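Inspection log for the structure reproduced underneath, given as structure tokens.
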Amino acid sequence: MATSLARSTNYLNRELSWLQFNARVLEEAEDQNNPLLERVKFLAITASNLDEFFEIRVASLLQRIEDGYADPAPDGLTPQAERDRLAVALQDYVAGQYRCWNQDLRPQLAEHGVRVLSLDELDGPAREFVERYCMQELDPLLTPVTVDPAHPFPRVINKALCQALLLRRRRRASESYMGVVTVPRALPRLVKLPSQDGTDDYITLADLVELHTARMYRGYDIISQGSFRITRNSNLYVQEEESRNLLESVRTELHNRRRGDAVRLEIEADAGADITERLREIFELDEWQVMKAHGPVNLSRLSHLYSETDRPDLKFRPFVAREWALPKGTSDVFEAIRQKDVLLHHPFDSYGPVVSFIEAAAEDPKVLSIKQTLYRTNEKSPIIDALVEAAASKEVTTVIEVKARFDEASNIRWARTLEDAGVQVFHGLVGLKTHCKLALIARKDPDGVIRQYAHLGTGNYNSVTAQFYTDISLMTANEAITTAVHRVFNFLTAYSEQSSYDPLLVAPLEMAERIAGLIRREADHARDKKPARIIAKMNSLLDKDVIQELYEASRAGVQIDLIVRGICTLRPGVRGLSDNIRVRSIVGRFLEHSRIFYFENGGSTEIYLGSADWMPRNLYERVETLFPVRDPLLKDRVRNEILAPYLADNLKSRVLHADGSYAFHHARAKNAVPFGAQDFLIAVAEGKKSIDAIPAETEHKPVRRTRTRAQAN
């Protein structure tokens, strides 16, 4: 490859690109076209996203700096320079979050009768309720601490809401003390108040703690006080090679995670400079790591407003997903799959058939064995229940990823439950996360032949998130695919490597090489004047080698459309480098989660679906699969019913510029007929629109708009 492809100016910064993604989520909170409570939910999501960013990405960056790493990232920034850029951008971003809440959402909620009240806004009945609540619900769970030589500063666990106080003992007026109260997680962060006016009224738990602390610190004068919250390094550091029992090692490290080094202090803006400075020194943080909260310290708890407020007029209109029914003349799901592959696009197509597929396998006496991977699943999971039931009469094997970030504890519980039921539970391979979404069923069919049936997906086996994540499921009895899936399970349980996993692409064995080959093939077709195009939809694009292959393909004349929801470090639209590459991000009602890879291939189209983004961790550090769509009708559906709407979206689509900024589509400013892919797919699922109504793909002439430093790259 040409040396110029590796120049740092050809790449955008990973961390700043992620912050821009969260800025797009914040735009949804600011968008007056979204229902009001949905906007509150988007704001809460930005806060939850930011928590994880500090816990994982900022923590890793600070660890690299502490360990003395100075090598630059592909964009040329050293860890120290990256930290300095983030220090400014993060402060600006947090300020934008609170502007959205204070100047936009909270006033509009009040206008619609949903009020988050302060203590001085409470009427008589509400104040009486608060007094009772503090004494009956709050007081028994609080433990006031005064920090002195006999009472050290308490160990504050990760993301726990606390109240800090600056105290002066009345008998020793010359001395001041720190007081700390940890707010119990068992209590809701927003407390519903009685209302006589038909409004939905709430007060923050932090306000109630502040009210109650004066009674808890008798003999003291409270000089100042304020809520605060510490975010800690939540990376797991499990030495798998030295671990005799991975399950117990992860369990131990989870306990340590709650006590990791502090990486952020969020504190009420009017807490007082003395309290803020003392806390900053206690937790050994730099000034840029202190985030002033001009409102609720934990904005992610605003999701409580969404879940507890029964106001359908302030939420998205509910819709009923399209149901897949057994074809006429078939007696069960297995006969239907034998006749024809089944492709489902969630949440527009119900996730029910996937659950039914596993349940049918558990109940059917002709089924001999079930194998399944589990990365994340939901509480009260019907799939777990089915596997437990199946274990009583057939061979059941699961590969549970106990290192699935922030789901480790629940996955450990599921592993124990399944083991107790007689399921063979494996935890994948040392050093690799198991991220592929596979289920394989062996059945002795009525004709006496033992056949295998597979479900392959782009999303987790989670019937809850399937209602608001866009994902794709393929159910097939295709012998080549099911045989390959069987080989992947052998790899996962026995580290048994095969010479080929065709027609699957499997990471970390050969997926990266195969993807590079597919991109190069398109470049060859373009040079030979044959049809050549790539459409790739994913969560993140980060792998430098893949990006360089895309640059080479662009130079060869391949038209490339990338639909990248989150991080994208490729720089599109650069003359002589990426003229033919267009990048868009769609953030809307549903979380875009499906990965789709379309290759024109000189007119013999190939389409792959799967669980892997084009990131180093997916290609080299996880067991992943991409699987082909082989049925011509299903290929046509993926291209014309799924990809086409996203390429035509001019409502929620933001286009990435060469300078690293994002902007809404030009059609939004030119008063064109608005077209939102997700809205359209809902209408198709409900039978209200036909795919023939999809407009032509939109041009990429984005609207320039003023950007904050948090949005700039």
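Letters A, B, ... go to the chains of the structure tokens in the order shown; residues in each chain start at 1; ligands are counted from 1 in the same order.
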Give the strand (DSSP E) residues of stretch 291-414 of chain A, as DSSP finds them on the backbone, and put them as number ranges by chain. A: 291-293, 342-346, 367-374, 395-400
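Considering only stretch 410-443 of chain A, backbone DSSP assigns alpha helix (DSSP H) to Ser410, Asn411, Ile412, Arg413, Trp414, Ala415, Arg416, Thr417, Leu418, Glu419, Asp420 and Ala421 of chain A.
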Keeping only N, CA and C atoms, write those residues as a PDB file, in the first residue's frame.
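Listing of result.pdb after writing:
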ATOM      1  N   SER A 410     -24.828 -10.683  36.084  1.00  0.00           N
ATOM      2  CA  SER A 410     -26.026 -11.417  35.663  1.00  0.00           C
ATOM      3  C   SER A 410     -25.645 -12.667  34.878  1.00  0.00           C
ATOM      4  N   ASN A 411     -24.584 -12.603  34.085  1.00  0.00           N
ATOM      5  CA  ASN A 411     -24.166 -13.787  33.324  1.00  0.00           C
ATOM      6  C   ASN A 411     -23.626 -14.886  34.238  1.00  0.00           C
ATOM      7  N   ILE A 412     -22.976 -14.483  35.322  1.00  0.00           N
ATOM      8  CA  ILE A 412     -22.524 -15.480  36.297  1.00  0.00           C
ATOM      9  C   ILE A 412     -23.731 -16.178  36.922  1.00  0.00           C
ATOM     10  N   ARG A 413     -24.773 -15.408  37.232  1.00  0.00           N
ATOM     11  CA  ARG A 413     -25.990 -16.007  37.793  1.00  0.00           C
ATOM     12  C   ARG A 413     -26.623 -16.974  36.797  1.00  0.00           C
ATOM     13  N   TRP A 414     -26.692 -16.557  35.511  1.00  0.00           N
ATOM     14  CA  TRP A 414     -27.276 -17.445  34.506  1.00  0.00           C
ATOM     15  C   TRP A 414     -26.450 -18.723  34.371  1.00  0.00           C
ATOM     16  N   ALA A 415     -25.128 -18.576  34.424  1.00  0.00           N
ATOM     17  CA  ALA A 415     -24.270 -19.756  34.302  1.00  0.00           C
ATOM     18  C   ALA A 415     -24.552 -20.749  35.423  1.00  0.00           C
ATOM     19  N   ARG A 416     -24.699 -20.235  36.639  1.00  0.00           N
ATOM     20  CA  ARG A 416     -25.001 -21.114  37.777  1.00  0.00           C
ATOM     21  C   ARG A 416     -26.371 -21.787  37.606  1.00  0.00           C
ATOM     22  N   THR A 417     -27.355 -21.004  37.173  1.00  0.00           N
ATOM     23  CA  THR A 417     -28.705 -21.548  36.976  1.00  0.00           C
ATOM     24  C   THR A 417     -28.688 -22.672  35.949  1.00  0.00           C
ATOM     25  N   LEU A 418     -28.018 -22.452  34.834  1.00  0.00           N
ATOM     26  CA  LEU A 418     -27.989 -23.452  33.772  1.00  0.00           C
ATOM     27  C   LEU A 418     -27.204 -24.693  34.196  1.00  0.00           C
ATOM     28  N   GLU A 419     -26.082 -24.476  34.883  1.00  0.00           N
ATOM     29  CA  GLU A 419     -25.308 -25.622  35.365  1.00  0.00           C
ATOM     30  C   GLU A 419     -26.127 -26.475  36.321  1.00  0.00           C
ATOM     31  N   ASP A 420     -26.861 -25.823  37.218  1.00  0.00           N
ATOM     32  CA  ASP A 420     -27.688 -26.561  38.175  1.00  0.00           C
ATOM     33  C   ASP A 420     -28.770 -27.380  37.476  1.00  0.00           C
ATOM     34  N   ALA A 421     -29.208 -26.924  36.290  1.00  0.00           N
ATOM     35  CA  ALA A 421     -30.245 -27.641  35.544  1.00  0.00           C
ATOM     36  C   ALA A 421     -29.675 -28.778  34.700  1.00  0.00           C
TER      37      ALA A 421
END
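Using only C-alpha atoms, the shortest contact distance between A:Gly76 and any of A:Gln63, A:Gln108, A:Asn10, A:Ser234 is found at A:Asn10.
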Could you name the residues that touch stretch 492-502 of chain A at 10 Å or less, counting only C-alpha atoms, but leaving out those on the same chain fewer than 5 positions away, as a ChimeraX atom specification? /A:373,397-399,425-430,432,434,480-481,483-487,509-510,623,625,627-628
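Between A:Asn13 and the residues A:Thr78, A:Thr199, A:Asn158, A:Asn460, the shortest atom-to-atom distance, using only C-alpha atoms, involves A:Thr78.
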Surrounding residues of A:Arg215 excluding itself and chain neighbours under 2 positions, 12 Å, only C-alpha atoms, as a short mmCIF file (atom, residue, chain, number, x, y, z; two decimals) with N, CA and C atoms, in the first residue's frame:
data_model
loop_
_atom_site.label_atom_id
_atom_site.label_comp_id
_atom_site.auth_asym_id
_atom_site.auth_seq_id
_atom_site.Cartn_x
_atom_site.Cartn_y
_atom_site.Cartn_z
N GLU A 131 -42.05 15.10 54.60
CA GLU A 131 -41.64 14.91 56.00
C GLU A 131 -41.82 13.45 56.40
N CYS A 134 -39.18 11.23 54.58
CA CYS A 134 -37.83 11.34 55.16
C CYS A 134 -37.71 10.51 56.43
N MET A 135 -38.72 10.55 57.28
CA MET A 135 -38.63 9.85 58.56
C MET A 135 -38.86 8.35 58.40
N ASP A 139 -34.68 7.97 56.52
CA ASP A 139 -33.86 8.00 57.72
C ASP A 139 -33.32 6.63 58.12
N LEU A 142 -29.99 5.79 56.13
CA LEU A 142 -28.87 6.71 56.05
C LEU A 142 -27.92 6.54 57.23
N PRO A 144 -24.93 8.89 58.73
CA PRO A 144 -24.10 10.09 58.64
C PRO A 144 -22.69 9.82 59.16
N LEU A 208 -34.21 15.65 49.11
CA LEU A 208 -34.73 15.13 50.36
C LEU A 208 -33.60 14.83 51.34
N VAL A 209 -32.49 14.31 50.84
CA VAL A 209 -31.33 14.07 51.71
C VAL A 209 -30.81 15.39 52.26
N GLU A 210 -30.75 16.39 51.40
CA GLU A 210 -30.29 17.71 51.86
C GLU A 210 -31.20 18.25 52.96
N LEU A 211 -32.49 18.08 52.79
CA LEU A 211 -33.44 18.53 53.80
C LEU A 211 -33.23 17.79 55.12
N HIS A 212 -32.94 16.51 55.01
CA HIS A 212 -32.90 15.66 56.21
C HIS A 212 -31.57 15.73 56.95
N THR A 213 -30.51 16.15 56.30
CA THR A 213 -29.19 16.09 56.93
C THR A 213 -29.08 17.01 58.15
N TYR A 217 -27.17 15.85 61.77
CA TYR A 217 -25.94 16.43 62.30
C TYR A 217 -26.28 17.45 63.39
N ARG A 218 -26.89 16.97 64.43
CA ARG A 218 -27.22 17.85 65.54
C ARG A 218 -25.94 18.23 66.28
N GLY A 219 -25.88 19.47 66.72
CA GLY A 219 -24.67 19.98 67.36
C GLY A 219 -23.70 20.60 66.39
N TYR A 220 -24.06 20.60 65.09
CA TYR A 220 -23.22 21.21 64.06
C TYR A 220 -24.00 22.31 63.34
N ASP A 221 -23.28 23.26 62.84
CA ASP A 221 -23.81 24.19 61.85
C ASP A 221 -23.35 23.71 60.48
N ILE A 222 -24.28 23.66 59.55
CA ILE A 222 -23.93 23.26 58.18
C ILE A 222 -23.54 24.51 57.41
#
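For the choices A:Gln196, A:Thr470, A:Ser224, A:Asn49, the atom-to-atom distance to A:Tyr351 is smallest for A:Thr470 when using only C-alpha atoms.
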